[in-house]
$ cat protein_13.txt   # compact mmCIF, C-alpha atoms and all ligand atoms
# COMPACT_ATOMS: atom_id res chain seq x y z
CA MET A 1 89.48 102.69 115.44
CA CYS A 2 92.19 103.67 113.01
CA PRO A 3 94.44 106.28 114.70
CA VAL A 4 95.16 108.02 111.40
CA LEU A 5 91.75 108.13 109.79
CA GLY A 6 89.71 108.25 112.99
CA GLU A 7 87.48 105.62 111.45
CA SER A 8 86.33 102.20 112.53
CA VAL A 9 88.77 99.64 111.09
CA ASP A 10 85.76 98.05 109.32
CA ASN A 11 85.46 101.19 107.20
CA ILE A 12 89.04 101.27 106.03
CA GLU A 13 88.55 98.88 103.10
CA PRO A 14 85.73 101.03 101.57
CA LEU A 15 87.88 104.15 102.04
CA TRP A 16 90.75 102.47 100.29
CA GLU A 17 88.29 101.47 97.57
CA ASN A 18 87.35 105.11 97.00
CA ALA A 19 90.98 106.16 97.04
CA TYR A 20 91.70 103.56 94.39
CA HIS A 21 89.39 105.27 91.93
CA LEU A 22 91.75 108.27 92.05
CA PHE A 23 94.42 106.10 90.42
CA SER A 24 94.87 106.63 86.70
CA PRO A 25 92.77 104.28 84.57
CA SER A 26 94.46 101.42 82.77
CA THR A 27 95.34 101.98 79.15
CA GLU A 28 95.22 99.44 76.34
CA ALA A 29 98.98 99.09 76.55
CA ASN A 30 98.91 98.77 80.32
CA MET A 31 96.05 96.59 81.43
CA ARG A 32 94.83 95.73 84.89
CA ILE A 33 94.65 91.97 85.42
CA ALA A 34 92.85 90.48 88.43
CA LEU A 35 93.63 86.90 89.42
CA LEU A 36 90.72 85.64 91.53
CA GLY A 37 92.05 82.94 93.82
CA GLY A 38 95.44 84.37 92.87
CA THR A 39 96.71 83.10 96.24
CA GLY A 40 96.83 79.59 94.73
CA ASP A 41 99.21 77.81 92.40
CA ILE A 42 98.26 78.89 88.88
CA GLY A 43 97.44 82.41 90.10
CA GLU A 44 100.93 82.69 91.56
CA GLY A 45 102.56 81.39 88.37
CA LEU A 46 100.66 83.75 86.07
CA ALA A 47 101.09 86.73 88.40
CA LEU A 48 104.85 86.22 88.63
CA ARG A 49 105.28 85.80 84.88
CA TRP A 50 103.13 88.81 83.96
CA ALA A 51 104.84 90.91 86.62
CA ALA A 52 108.31 89.84 85.46
CA ASP A 53 107.70 90.15 81.71
CA THR A 54 105.18 93.00 81.32
CA ASP A 55 104.11 96.34 82.79
CA HIS A 56 100.51 95.26 83.32
CA GLU A 57 99.09 95.94 86.76
CA LEU A 58 98.45 92.78 88.75
CA LEU A 59 95.72 92.46 91.38
CA ILE A 60 95.60 89.36 93.55
CA GLY A 61 92.08 88.38 94.56
CA SER A 62 91.02 86.12 97.41
CA ARG A 63 87.90 85.43 99.44
CA ASP A 64 90.00 86.89 102.27
CA PRO A 65 91.59 90.27 101.45
CA GLU A 66 94.26 89.81 104.12
CA LYS A 67 95.33 86.56 102.47
CA ALA A 68 95.43 88.37 99.12
CA ARG A 69 97.66 91.10 100.52
CA ASP A 70 100.00 88.52 102.11
CA ALA A 71 100.29 86.66 98.79
CA ALA A 72 100.91 89.92 96.92
CA GLU A 73 103.75 90.73 99.32
CA GLU A 74 105.25 87.27 98.86
CA TYR A 75 105.11 87.64 95.08
CA GLU A 76 106.76 91.06 95.29
CA ALA A 77 109.59 89.52 97.36
CA GLU A 78 110.01 86.67 94.87
CA LEU A 79 110.10 89.14 91.98
CA LYS A 80 112.64 91.31 93.81
CA ALA A 81 114.86 88.27 94.34
CA HIS A 82 114.87 87.90 90.55
CA GLY A 83 115.64 91.58 89.91
CA HIS A 84 112.10 92.86 89.29
CA GLU A 85 110.84 95.78 91.40
CA ARG A 86 107.07 95.45 91.07
CA THR A 87 104.08 96.47 93.14
CA ILE A 88 101.29 93.91 93.35
CA LYS A 89 98.09 94.64 95.25
CA GLY A 90 95.77 92.27 97.06
CA PHE A 91 92.00 92.62 97.41
CA ALA A 92 88.86 90.65 98.07
CA ASN A 93 87.84 88.92 94.83
CA GLU A 94 84.92 91.31 94.25
CA MET A 95 87.10 94.40 94.55
CA ALA A 96 89.81 92.96 92.34
CA ALA A 97 87.22 92.11 89.67
CA ASP A 98 85.67 95.57 89.93
CA ARG A 99 88.94 97.23 88.98
CA ALA A 100 90.14 94.89 86.28
CA ASP A 101 90.13 94.84 82.49
CA VAL A 102 90.87 91.12 82.53
CA VAL A 103 89.67 88.75 85.28
CA VAL A 104 91.32 85.33 85.54
CA LEU A 105 89.35 82.69 87.44
CA ALA A 106 92.24 80.94 89.16
CA VAL A 107 90.05 78.83 91.45
CA PRO A 108 89.34 75.08 91.53
CA PRO A 109 86.83 73.96 88.86
CA TYR A 110 84.01 73.15 91.31
CA TYR A 111 84.01 76.76 92.53
CA VAL A 112 84.32 78.68 89.26
CA GLY A 113 80.56 79.02 88.81
CA ASP A 114 80.02 80.36 92.32
CA THR A 115 83.04 82.65 91.98
CA VAL A 116 81.67 84.09 88.73
CA GLU A 117 78.34 84.73 90.42
CA ALA A 118 80.03 86.33 93.43
CA VAL A 119 81.69 88.93 91.18
CA ALA A 120 79.07 89.12 88.40
CA GLU A 121 77.87 92.59 89.39
CA LYS A 122 81.40 93.91 88.96
CA LEU A 123 81.76 92.61 85.41
CA ASP A 124 80.60 94.26 82.20
CA SER A 125 81.08 94.02 78.45
CA GLU A 126 84.49 95.71 78.84
CA THR A 127 85.74 92.99 81.22
CA ILE A 128 87.27 89.84 79.77
CA LEU A 129 86.75 86.73 81.87
CA VAL A 130 89.52 84.14 81.47
CA THR A 131 89.25 80.58 82.71
CA PRO A 132 92.09 78.06 83.01
CA ALA A 133 89.94 75.60 85.01
CA VAL A 134 89.74 71.90 84.14
CA GLY A 135 87.43 69.27 85.62
CA MET A 136 89.34 66.08 86.49
CA LYS A 137 88.96 62.98 88.60
CA GLY A 138 91.93 61.07 89.94
CA ASP A 139 92.31 57.39 90.81
CA GLU A 140 95.24 54.99 91.28
CA ASP A 141 95.86 54.93 87.52
CA GLY A 142 96.10 58.68 87.11
CA MET A 143 93.98 61.71 86.28
CA HIS A 144 90.95 61.51 84.00
CA TYR A 145 89.05 64.28 82.26
CA HIS A 146 85.74 64.89 84.00
CA PRO A 147 83.80 67.69 82.33
CA PRO A 148 80.59 69.15 83.74
CA SER A 149 77.26 68.74 81.92
CA ALA A 150 77.89 72.07 80.15
CA GLY A 151 80.51 70.18 78.08
CA SER A 152 83.56 71.86 79.60
CA VAL A 153 84.35 74.08 82.56
CA THR A 154 85.05 76.88 80.09
CA GLU A 155 81.49 76.64 78.70
CA LEU A 156 80.12 76.39 82.25
CA VAL A 157 81.84 79.70 83.03
CA ALA A 158 80.28 81.26 79.90
CA ALA A 159 76.85 79.98 80.97
CA ARG A 160 77.20 81.45 84.49
CA ALA A 161 78.72 84.79 83.40
CA PRO A 162 76.49 87.76 82.53
CA ASP A 163 75.51 87.54 78.82
CA ASP A 164 77.55 90.55 77.71
CA VAL A 165 80.80 89.48 79.39
CA PRO A 166 83.21 87.83 76.92
CA VAL A 167 84.77 84.56 78.12
CA VAL A 168 88.10 83.17 76.93
CA GLY A 169 89.54 79.79 77.90
CA ALA A 170 93.34 79.81 78.23
CA PHE A 171 96.30 78.52 80.27
CA HIS A 172 94.58 75.14 80.96
CA ASN A 173 97.60 72.98 80.12
CA LEU A 174 100.38 74.96 81.82
CA ALA A 175 101.94 73.56 84.98
CA ALA A 176 101.83 76.18 87.72
CA GLY A 177 105.25 75.07 89.01
CA ALA A 178 106.87 75.73 85.64
CA LEU A 179 105.56 79.31 85.70
CA ALA A 180 106.23 80.06 89.37
CA ASP A 181 109.94 79.19 89.14
CA LEU A 182 111.22 82.36 87.51
CA SER A 183 114.66 80.85 86.99
CA ASN A 184 113.02 78.30 84.69
CA GLU A 185 113.08 79.42 81.05
CA ILE A 186 109.86 78.18 79.54
CA ASP A 187 109.20 77.20 75.92
CA LEU A 188 105.55 76.26 75.89
CA ASP A 189 102.28 76.72 74.05
CA THR A 190 98.97 77.73 75.53
CA LEU A 191 95.75 76.97 73.68
CA LEU A 192 92.95 79.55 73.51
CA VAL A 193 89.23 79.32 72.84
CA GLY A 194 86.60 82.05 72.76
CA ASP A 195 83.60 83.27 70.80
CA ASP A 196 84.50 86.96 71.01
CA SER A 197 87.39 87.58 68.62
CA ASP A 198 88.45 90.89 70.21
CA ALA A 199 88.56 89.38 73.69
CA LYS A 200 90.47 86.38 72.41
CA ALA A 201 92.97 88.67 70.65
CA THR A 202 93.55 90.55 73.92
CA VAL A 203 94.19 87.35 75.88
CA ARG A 204 96.35 86.07 73.05
CA GLN A 205 98.44 89.24 73.35
CA LEU A 206 98.70 88.87 77.13
CA ALA A 207 99.86 85.26 76.74
CA ASP A 208 102.33 86.21 74.04
CA GLU A 209 103.87 88.84 76.33
CA ILE A 210 104.99 86.06 78.71
CA SER A 211 108.48 85.23 77.55
CA GLY A 212 108.66 81.69 76.11
CA LEU A 213 104.90 81.23 75.87
CA ARG A 214 103.22 80.91 72.46
CA PRO A 215 99.43 81.29 72.28
CA LEU A 216 97.60 79.17 69.71
CA ASP A 217 93.99 79.81 68.68
CA VAL A 218 91.82 76.70 68.86
CA GLY A 219 88.55 78.33 67.79
CA PRO A 220 85.30 78.93 69.64
CA LEU A 221 84.24 77.96 73.17
CA ALA A 222 82.65 74.80 71.71
CA ASN A 223 86.21 73.43 71.31
CA ALA A 224 87.12 73.95 74.99
CA ALA A 225 86.69 70.30 76.03
CA GLU A 226 89.45 69.24 73.64
CA ILE A 227 91.85 71.72 75.26
CA GLU A 228 90.83 70.89 78.82
CA SER A 229 91.25 67.15 78.19
CA VAL A 230 94.96 67.68 77.48
CA THR A 231 95.54 68.65 81.13
CA PRO A 232 95.06 65.17 82.65
CA LEU A 233 97.24 63.85 79.83
CA VAL A 234 100.20 66.07 80.77
CA ILE A 235 99.73 65.24 84.46
CA ASN A 236 99.81 61.52 83.64
CA ILE A 237 102.96 61.99 81.55
CA ALA A 238 104.58 63.57 84.62
CA LYS A 239 103.30 60.75 86.86
CA TYR A 240 104.77 57.92 84.76
CA ASN A 241 108.03 59.55 83.68
CA LYS A 242 110.05 60.28 86.76
CA ASP A 243 112.55 62.53 84.97
CA LEU A 244 109.70 64.80 83.92
CA HIS A 245 107.76 67.14 86.16
CA ASP A 246 105.71 70.27 85.49
CA VAL A 247 105.17 68.94 81.97
CA GLY A 248 103.78 71.21 79.24
CA ALA A 249 103.25 70.95 75.51
CA LYS A 250 104.76 72.57 72.43
CA TRP A 251 102.87 71.91 69.18
CA VAL A 252 105.14 71.61 66.15
N1 LIG B 301 97.81 74.19 89.35
C1 LIG B 301 98.07 74.09 88.05
O1 LIG B 301 99.19 73.68 87.64
C2 LIG B 301 97.01 74.48 87.04
C3 LIG B 301 97.39 74.56 85.70
C4 LIG B 301 96.43 74.96 84.76
C5 LIG B 301 95.13 75.21 85.16
N2 LIG B 301 94.79 75.08 86.46
C6 LIG B 301 93.41 75.38 86.86
O2 LIG B 301 93.46 76.60 87.56
C7 LIG B 301 92.50 76.58 88.63
C8 LIG B 301 93.22 76.88 89.93
O3 LIG B 301 94.16 75.84 90.17
P1 LIG B 301 95.18 75.93 91.39
O4 LIG B 301 96.00 74.72 91.36
O5 LIG B 301 95.81 77.25 91.39
O6 LIG B 301 94.15 75.84 92.61
P2 LIG B 301 94.41 75.97 94.16
O7 LIG B 301 95.81 76.43 94.41
O8 LIG B 301 93.97 74.70 94.80
O9 LIG B 301 93.34 77.09 94.58
C9 LIG B 301 93.41 78.39 94.06
C10 LIG B 301 92.63 79.31 94.96
O10 LIG B 301 91.24 79.01 94.87
C11 LIG B 301 90.63 79.61 96.01
N3 LIG B 301 89.56 78.73 96.50
C12 LIG B 301 89.70 77.57 97.18
N4 LIG B 301 88.49 77.08 97.51
C13 LIG B 301 87.57 77.98 97.05
C14 LIG B 301 86.14 78.06 97.11
N5 LIG B 301 85.41 77.14 97.75
N6 LIG B 301 85.55 79.13 96.52
C15 LIG B 301 86.27 80.08 95.89
N7 LIG B 301 87.63 80.07 95.83
C16 LIG B 301 88.26 79.03 96.39
C17 LIG B 301 91.71 79.78 97.06
O11 LIG B 301 91.90 81.18 97.20
P3 LIG B 301 91.41 82.01 98.51
O12 LIG B 301 91.37 81.06 99.65
O13 LIG B 301 92.51 83.01 98.64
O14 LIG B 301 90.10 82.60 98.13
C18 LIG B 301 92.93 79.15 96.44
O15 LIG B 301 94.14 79.78 96.78
C19 LIG B 301 91.86 75.20 88.63
O16 LIG B 301 90.60 75.32 88.09
C20 LIG B 301 92.77 74.35 87.77
O17 LIG B 301 92.03 73.41 87.01
C21 LIG B 301 95.71 74.74 87.42

$ encode --input "protein_13.txt" --output "structure tokens"
Amino acid sequence: MCPVLGESVDNIEPLWENAYHLFSPSTEANMRIALLGGTGDIGEGLALRWAADTDHELLIGSRDPEKARDAAEEYEAELKAHGHERTIKGFANEMAADRADVVVLAVPPYYVGDTVEAVAEKLDSETILVTPAVGMKGDEDGMHYHPPSAGSVTELVAARAPDDVPVVGAFHNLAAGALADLSNEIDLDTLLVGDDSDAKATVRQLADEISGLRPLDVGPLANAAEIESVTPLVINIAKYNKDLHDVGAKWV
């Protein structure tokens, strides 16, 4: 029983959910971005960069809301240490997706399909689904591109998402460590694919707002495999060149 609300603790999350709808809606200038699996590496990196460089609202999603709240607190502390006073909230993935304008699937590639289906009811044509996921297999030589039968993980996400939800592939080739270290000044490109030009323009804008990151349009979702296949390449560059780590690419 919660001493303040006089409610069973189990009911507190739904109450908080209702309270959340009293918050002002996001505006085009100030979007609400949910990072599902935002407790992990790329989720942390993107959350920290967006929180440091923009005013967009960040929601950390997790299968475990407690874990999401703990991660959000850690990110707030990291941001504060770098001079940024930001509030980041943590929720179960479904709740984070329900509230967001942009939903980033920051989960391992084998779970993106199930994660999309877990939150599908919370998505609509106004929600942009972003996937950075890449299918890879590693052996003693290095990492190798290993796409699913859909052709790419990005196209798999589009196939599993509700028909009216626009999907954009982005951030595949960025090293999470390079983003998460806020003292590291980045100068990198990120490659974008998508069939919905408005959705792609929005994600392009969000990428561009990260200081030192340049978004480049690589066309429709059908070109996703070419982008995804760069990820094992940059990992192998890091593996065989000991002075390089958290490698990324700049296209000139
Ligand atoms: N790491 C990078 O440098 C990098 C760079 C570019 C792209 N990517 C891509 O980004 C995605 C995430 O990579 P990552 O390195 O951040 O992954 P990660 O740290 O291994 O995992 C991210 C989160 O995924 C969630 N997760 C784990 N197992 C799950 C399952 N069975 N079902 C649903 N969610 C699950 C976990 O969150 P909860 O336990 O809190 O739910 C975890 O914190 C991958 O698809 C990867 O290809 C990664």

$ closest_atom_pairs --input "protein_13.txt" --of "segment 156-218 of chain A" --to "segment 119-127 of chain A" --cutoff "9 Å" --atoms "all atoms listed in the file" --output "Markdown table"
| residue | atom | partner | partner_atom | distance |
| --- | --- | --- | --- | --- |
| A:Arg160 | CA | A:Ala120 | CA | 8.8 |
| A:Ala161 | CA | A:Ala120 | CA | 6.6 |
| A:Pro162 | CA | A:Ala120 | CA | 6.6 |
| A:Asp163 | CA | A:Ser125 | CA | 8.6 |
| A:Asp164 | CA | A:Ser125 | CA | 5.0 |
| A:Val165 | CA | A:Ser125 | CA | 4.6 |
| A:Pro166 | CA | A:Ser125 | CA | 6.7 |
| A:Ala199 | CA | A:Thr127 | CA | 8.8 |

$ residues_around --input "protein_13.txt" --residues "segment 208-214 of chain A" --least-positions-apart "2" --cutoff "8 Å" --atoms "only C-alpha atoms" --output "ChimeraX atom specification"
/A:49-50,53-54,185-190,204-206,216

$ closest_atom_pairs --input "protein_13.txt" --of "chain A" --to "ligand LIG 301 (chain B)" --cutoff "9 Å" --atoms "only C-alpha atoms and all ligand atoms" --output "JSON lines"
{"residue": "A:Leu36", "atom": "CA", "partner": "B:LIG301", "partner_atom": "O14", "distance": 7.3}
{"residue": "A:Gly37", "atom": "CA", "partner": "B:LIG301", "partner_atom": "O11", "distance": 3.8}
{"residue": "A:Gly38", "atom": "CA", "partner": "B:LIG301", "partner_atom": "C10", "distance": 6.2}
{"residue": "A:Thr39", "atom": "CA", "partner": "B:LIG301", "partner_atom": "O15", "distance": 4.2}
{"residue": "A:Gly40", "atom": "CA", "partner": "B:LIG301", "partner_atom": "O7", "distance": 3.3}
{"residue": "A:Asp41", "atom": "CA", "partner": "B:LIG301", "partner_atom": "O5", "distance": 3.6}
{"residue": "A:Ile42", "atom": "CA", "partner": "B:LIG301", "partner_atom": "O5", "distance": 3.9}
{"residue": "A:Gly43", "atom": "CA", "partner": "B:LIG301", "partner_atom": "O5", "distance": 5.6}
{"residue": "A:Glu44", "atom": "CA", "partner": "B:LIG301", "partner_atom": "O5", "distance": 7.5}
{"residue": "A:Gly45", "atom": "CA", "partner": "B:LIG301", "partner_atom": "O1", "distance": 8.4}
{"residue": "A:Ile60", "atom": "CA", "partner": "B:LIG301", "partner_atom": "O13", "distance": 8.7}
{"residue": "A:Gly61", "atom": "CA", "partner": "B:LIG301", "partner_atom": "O13", "distance": 6.8}
{"residue": "A:Ser62", "atom": "CA", "partner": "B:LIG301", "partner_atom": "O13", "distance": 3.7}
{"residue": "A:Arg63", "atom": "CA", "partner": "B:LIG301", "partner_atom": "O14", "distance": 3.8}
{"residue": "A:Asp64", "atom": "CA", "partner": "B:LIG301", "partner_atom": "O13", "distance": 5.9}
{"residue": "A:Pro65", "atom": "CA", "partner": "B:LIG301", "partner_atom": "O13", "distance": 7.8}
{"residue": "A:Glu66", "atom": "CA", "partner": "B:LIG301", "partner_atom": "O13", "distance": 8.9}
{"residue": "A:Lys67", "atom": "CA", "partner": "B:LIG301", "partner_atom": "O13", "distance": 5.9}
{"residue": "A:Ala68", "atom": "CA", "partner": "B:LIG301", "partner_atom": "O13", "distance": 6.1}
{"residue": "A:Ala71", "atom": "CA", "partner": "B:LIG301", "partner_atom": "O13", "distance": 8.6}
{"residue": "A:Ala92", "atom": "CA", "partner": "B:LIG301", "partner_atom": "O14", "distance": 8.1}
{"residue": "A:Asn93", "atom": "CA", "partner": "B:LIG301", "partner_atom": "O14", "distance": 7.5}
{"residue": "A:Leu105", "atom": "CA", "partner": "B:LIG301", "partner_atom": "C7", "distance": 7.0}
{"residue": "A:Ala106", "atom": "CA", "partner": "B:LIG301", "partner_atom": "C8", "distance": 4.2}
{"residue": "A:Val107", "atom": "CA", "partner": "B:LIG301", "partner_atom": "O10", "distance": 3.6}
{"residue": "A:Pro108", "atom": "CA", "partner": "B:LIG301", "partner_atom": "O16", "distance": 3.7}
{"residue": "A:Pro109", "atom": "CA", "partner": "B:LIG301", "partner_atom": "O16", "distance": 4.1}
{"residue": "A:Tyr110", "atom": "CA", "partner": "B:LIG301", "partner_atom": "O16", "distance": 7.6}
{"residue": "A:Tyr111", "atom": "CA", "partner": "B:LIG301", "partner_atom": "N6", "distance": 4.9}
{"residue": "A:Val112", "atom": "CA", "partner": "B:LIG301", "partner_atom": "C15", "distance": 7.1}
{"residue": "A:Asp114", "atom": "CA", "partner": "B:LIG301", "partner_atom": "N6", "distance": 7.1}
{"residue": "A:Thr115", "atom": "CA", "partner": "B:LIG301", "partner_atom": "C15", "distance": 5.7}
{"residue": "A:Thr131", "atom": "CA", "partner": "B:LIG301", "partner_atom": "O2", "distance": 7.6}
{"residue": "A:Pro132", "atom": "CA", "partner": "B:LIG301", "partner_atom": "C5", "distance": 4.7}
{"residue": "A:Ala133", "atom": "CA", "partner": "B:LIG301", "partner_atom": "O16", "distance": 3.2}
{"residue": "A:Val134", "atom": "CA", "partner": "B:LIG301", "partner_atom": "O17", "distance": 4.0}
{"residue": "A:Gly135", "atom": "CA", "partner": "B:LIG301", "partner_atom": "O17", "distance": 6.3}
{"residue": "A:Met136", "atom": "CA", "partner": "B:LIG301", "partner_atom": "O17", "distance": 7.8}
{"residue": "A:Val153", "atom": "CA", "partner": "B:LIG301", "partner_atom": "O16", "distance": 8.4}
{"residue": "A:Ala170", "atom": "CA", "partner": "B:LIG301", "partner_atom": "C5", "distance": 8.5}
{"residue": "A:Phe171", "atom": "CA", "partner": "B:LIG301", "partner_atom": "C4", "distance": 5.7}
{"residue": "A:His172", "atom": "CA", "partner": "B:LIG301", "partner_atom": "C4", "distance": 4.2}
{"residue": "A:Asn173", "atom": "CA", "partner": "B:LIG301", "partner_atom": "C4", "distance": 5.2}
{"residue": "A:Leu174", "atom": "CA", "partner": "B:LIG301", "partner_atom": "C3", "distance": 4.9}
{"residue": "A:Ala175", "atom": "CA", "partner": "B:LIG301", "partner_atom": "O1", "distance": 3.8}
{"residue": "A:Ala176", "atom": "CA", "partner": "B:LIG301", "partner_atom": "O1", "distance": 3.6}
{"residue": "A:Gly177", "atom": "CA", "partner": "B:LIG301", "partner_atom": "O1", "distance": 6.4}
{"residue": "A:Ala178", "atom": "CA", "partner": "B:LIG301", "partner_atom": "O1", "distance": 8.2}
{"residue": "A:Leu179", "atom": "CA", "partner": "B:LIG301", "partner_atom": "O1", "distance": 8.7}
{"residue": "A:Glu228", "atom": "CA", "partner": "B:LIG301", "partner_atom": "O17", "distance": 8.7}
{"residue": "A:Thr231", "atom": "CA", "partner": "B:LIG301", "partner_atom": "C4", "distance": 7.3}
{"residue": "A:Asp246", "atom": "CA", "partner": "B:LIG301", "partner_atom": "O1", "distance": 7.7}

$ write_last_selection --input "protein_13.txt" --atoms "C-alpha atoms" --output "CSV table (one decimal), in the frame of the given file"
chain,number,residue,atom,x,y,z
A,36,LEU,CA,90.7,85.6,91.5
A,37,GLY,CA,92.0,82.9,93.8
A,38,GLY,CA,95.4,84.4,92.9
A,39,THR,CA,96.7,83.1,96.2
A,40,GLY,CA,96.8,79.6,94.7
A,41,ASP,CA,99.2,77.8,92.4
A,42,ILE,CA,98.3,78.9,88.9
A,43,GLY,CA,97.4,82.4,90.1
A,44,GLU,CA,100.9,82.7,91.6
A,45,GLY,CA,102.6,81.4,88.4
A,60,ILE,CA,95.6,89.4,93.6
A,61,GLY,CA,92.1,88.4,94.6
A,62,SER,CA,91.0,86.1,97.4
A,63,ARG,CA,87.9,85.4,99.4
A,64,ASP,CA,90.0,86.9,102.3
A,65,PRO,CA,91.6,90.3,101.4
A,66,GLU,CA,94.3,89.8,104.1
A,67,LYS,CA,95.3,86.6,102.5
A,68,ALA,CA,95.4,88.4,99.1
A,71,ALA,CA,100.3,86.7,98.8
A,92,ALA,CA,88.9,90.6,98.1
A,93,ASN,CA,87.8,88.9,94.8
A,105,LEU,CA,89.4,82.7,87.4
A,106,ALA,CA,92.2,80.9,89.2
A,107,VAL,CA,90.0,78.8,91.4
A,108,PRO,CA,89.3,75.1,91.5
A,109,PRO,CA,86.8,74.0,88.9
A,110,TYR,CA,84.0,73.2,91.3
A,111,TYR,CA,84.0,76.8,92.5
A,112,VAL,CA,84.3,78.7,89.3
A,114,ASP,CA,80.0,80.4,92.3
A,115,THR,CA,83.0,82.6,92.0
A,131,THR,CA,89.2,80.6,82.7
A,132,PRO,CA,92.1,78.1,83.0
A,133,ALA,CA,89.9,75.6,85.0
A,134,VAL,CA,89.7,71.9,84.1
A,135,GLY,CA,87.4,69.3,85.6
A,136,MET,CA,89.3,66.1,86.5
A,153,VAL,CA,84.4,74.1,82.6
A,170,ALA,CA,93.3,79.8,78.2
A,171,PHE,CA,96.3,78.5,80.3
A,172,HIS,CA,94.6,75.1,81.0
A,173,ASN,CA,97.6,73.0,80.1
A,174,LEU,CA,100.4,75.0,81.8
A,175,ALA,CA,101.9,73.6,85.0
A,176,ALA,CA,101.8,76.2,87.7
A,177,GLY,CA,105.2,75.1,89.0
A,178,ALA,CA,106.9,75.7,85.6
A,179,LEU,CA,105.6,79.3,85.7
A,228,GLU,CA,90.8,70.9,78.8
A,231,THR,CA,95.5,68.6,81.1
A,246,ASP,CA,105.7,70.3,85.5

$ atom_distance --input "protein_13.txt" --atom1 "atom CA of Asp101 of chain A" --atom2 "atom CA of Leu58 of chain A"
10.6 Å

$ closest_residue --input "protein_13.txt" --among "A:Arg32, A:Ala158, A:Arg99, A:Pro147" --to "Val116 of chain A" --atoms "all atoms listed in the file"
A:Ala158

$ residues_around --input "protein_13.txt" --residues "Ser183 of chain A" --least-positions-apart "5" --cutoff "12 Å" --atoms "all atoms listed in the file" --output "short mmCIF file (atom, residue, chain, number, x, y, z; two decimals) with C-alpha atoms, keeping the file's coordinate frame"
data_model
loop_
_atom_site.label_atom_id
_atom_site.label_comp_id
_atom_site.auth_asym_id
_atom_site.auth_seq_id
_atom_site.Cartn_x
_atom_site.Cartn_y
_atom_site.Cartn_z
CA LEU A 48 104.85 86.22 88.63
CA ARG A 49 105.28 85.80 84.88
CA ALA A 52 108.31 89.84 85.46
CA GLU A 78 110.01 86.67 94.87
CA LEU A 79 110.10 89.14 91.98
CA ALA A 81 114.86 88.27 94.34
CA HIS A 82 114.87 87.90 90.55
CA GLY A 83 115.64 91.58 89.91
CA GLY A 177 105.25 75.07 89.01
CA ALA A 178 106.87 75.73 85.64
#

$ atom_distance --input "protein_13.txt" --atom1 "atom CA of Glu73 of chain A" --atom2 "atom CA of Ile128 of chain A"
25.6 Å

$ closest_residue --input "protein_13.txt" --among "A:Val102, A:Ala150, A:Met143, A:Ala29" --to "Leu233 of chain A" --atoms "all atoms listed in the file"
A:Met143

$ atom_distance --input "protein_13.txt" --atom1 "atom CA of Leu59 of chain A" --atom2 "atom CA of Asn184 of chain A"
23.3 Å

$ closest_residue --input "protein_13.txt" --among "A:Val203, A:Ile33, A:Val104, A:Val234" --to "Lys89 of chain A" --atoms "all atoms listed in the file"
A:Ile33

$ closest_residue --input "protein_13.txt" --among "A:Ala100, A:Val247, A:Val157, A:Leu182" --to "Ala51 of chain A" --atoms "all atoms listed in the file"
A:Leu182

$ closest_residue --input "protein_13.txt" --among "A:Pro232, A:Gly248, A:Gly219, A:Gly194" --to "Leu129 of chain A" --atoms "only C-alpha atoms"
A:Gly194

$ build_atoms --input "protein_13.txt" --residues "segment 94-104 of chain A" --atoms "N, CA and C atoms" --output "CSV table (one decimal), in the coordinates of the input"
chain,number,residue,atom,x,y,z
A,94,GLU,N,85.9,90.4,94.9
A,94,GLU,CA,84.9,91.3,94.2
A,94,GLU,C,85.6,92.6,93.9
A,95,MET,N,86.4,93.1,94.8
A,95,MET,CA,87.1,94.4,94.6
A,95,MET,C,88.1,94.3,93.4
A,96,ALA,N,88.8,93.2,93.4
A,96,ALA,CA,89.8,93.0,92.3
A,96,ALA,C,89.1,92.9,91.0
A,97,ALA,N,88.0,92.2,90.9
A,97,ALA,CA,87.2,92.1,89.7
A,97,ALA,C,86.7,93.5,89.2
A,98,ASP,N,86.3,94.3,90.2
A,98,ASP,CA,85.7,95.6,89.9
A,98,ASP,C,86.7,96.5,89.2
A,99,ARG,N,87.9,96.3,89.5
A,99,ARG,CA,88.9,97.2,89.0
A,99,ARG,C,89.6,96.7,87.7
A,100,ALA,N,89.3,95.5,87.3
A,100,ALA,CA,90.1,94.9,86.3
A,100,ALA,C,89.6,95.0,84.9
A,101,ASP,N,90.5,95.0,83.9
A,101,ASP,CA,90.1,94.8,82.5
A,101,ASP,C,90.0,93.4,82.1
A,102,VAL,N,90.8,92.6,82.8
A,102,VAL,CA,90.9,91.1,82.5
A,102,VAL,C,90.8,90.4,83.9
A,103,VAL,N,89.9,89.5,84.0
A,103,VAL,CA,89.7,88.8,85.3
A,103,VAL,C,89.9,87.3,85.0
A,104,VAL,N,91.0,86.7,85.7
A,104,VAL,CA,91.3,85.3,85.5
A,104,VAL,C,90.7,84.6,86.7
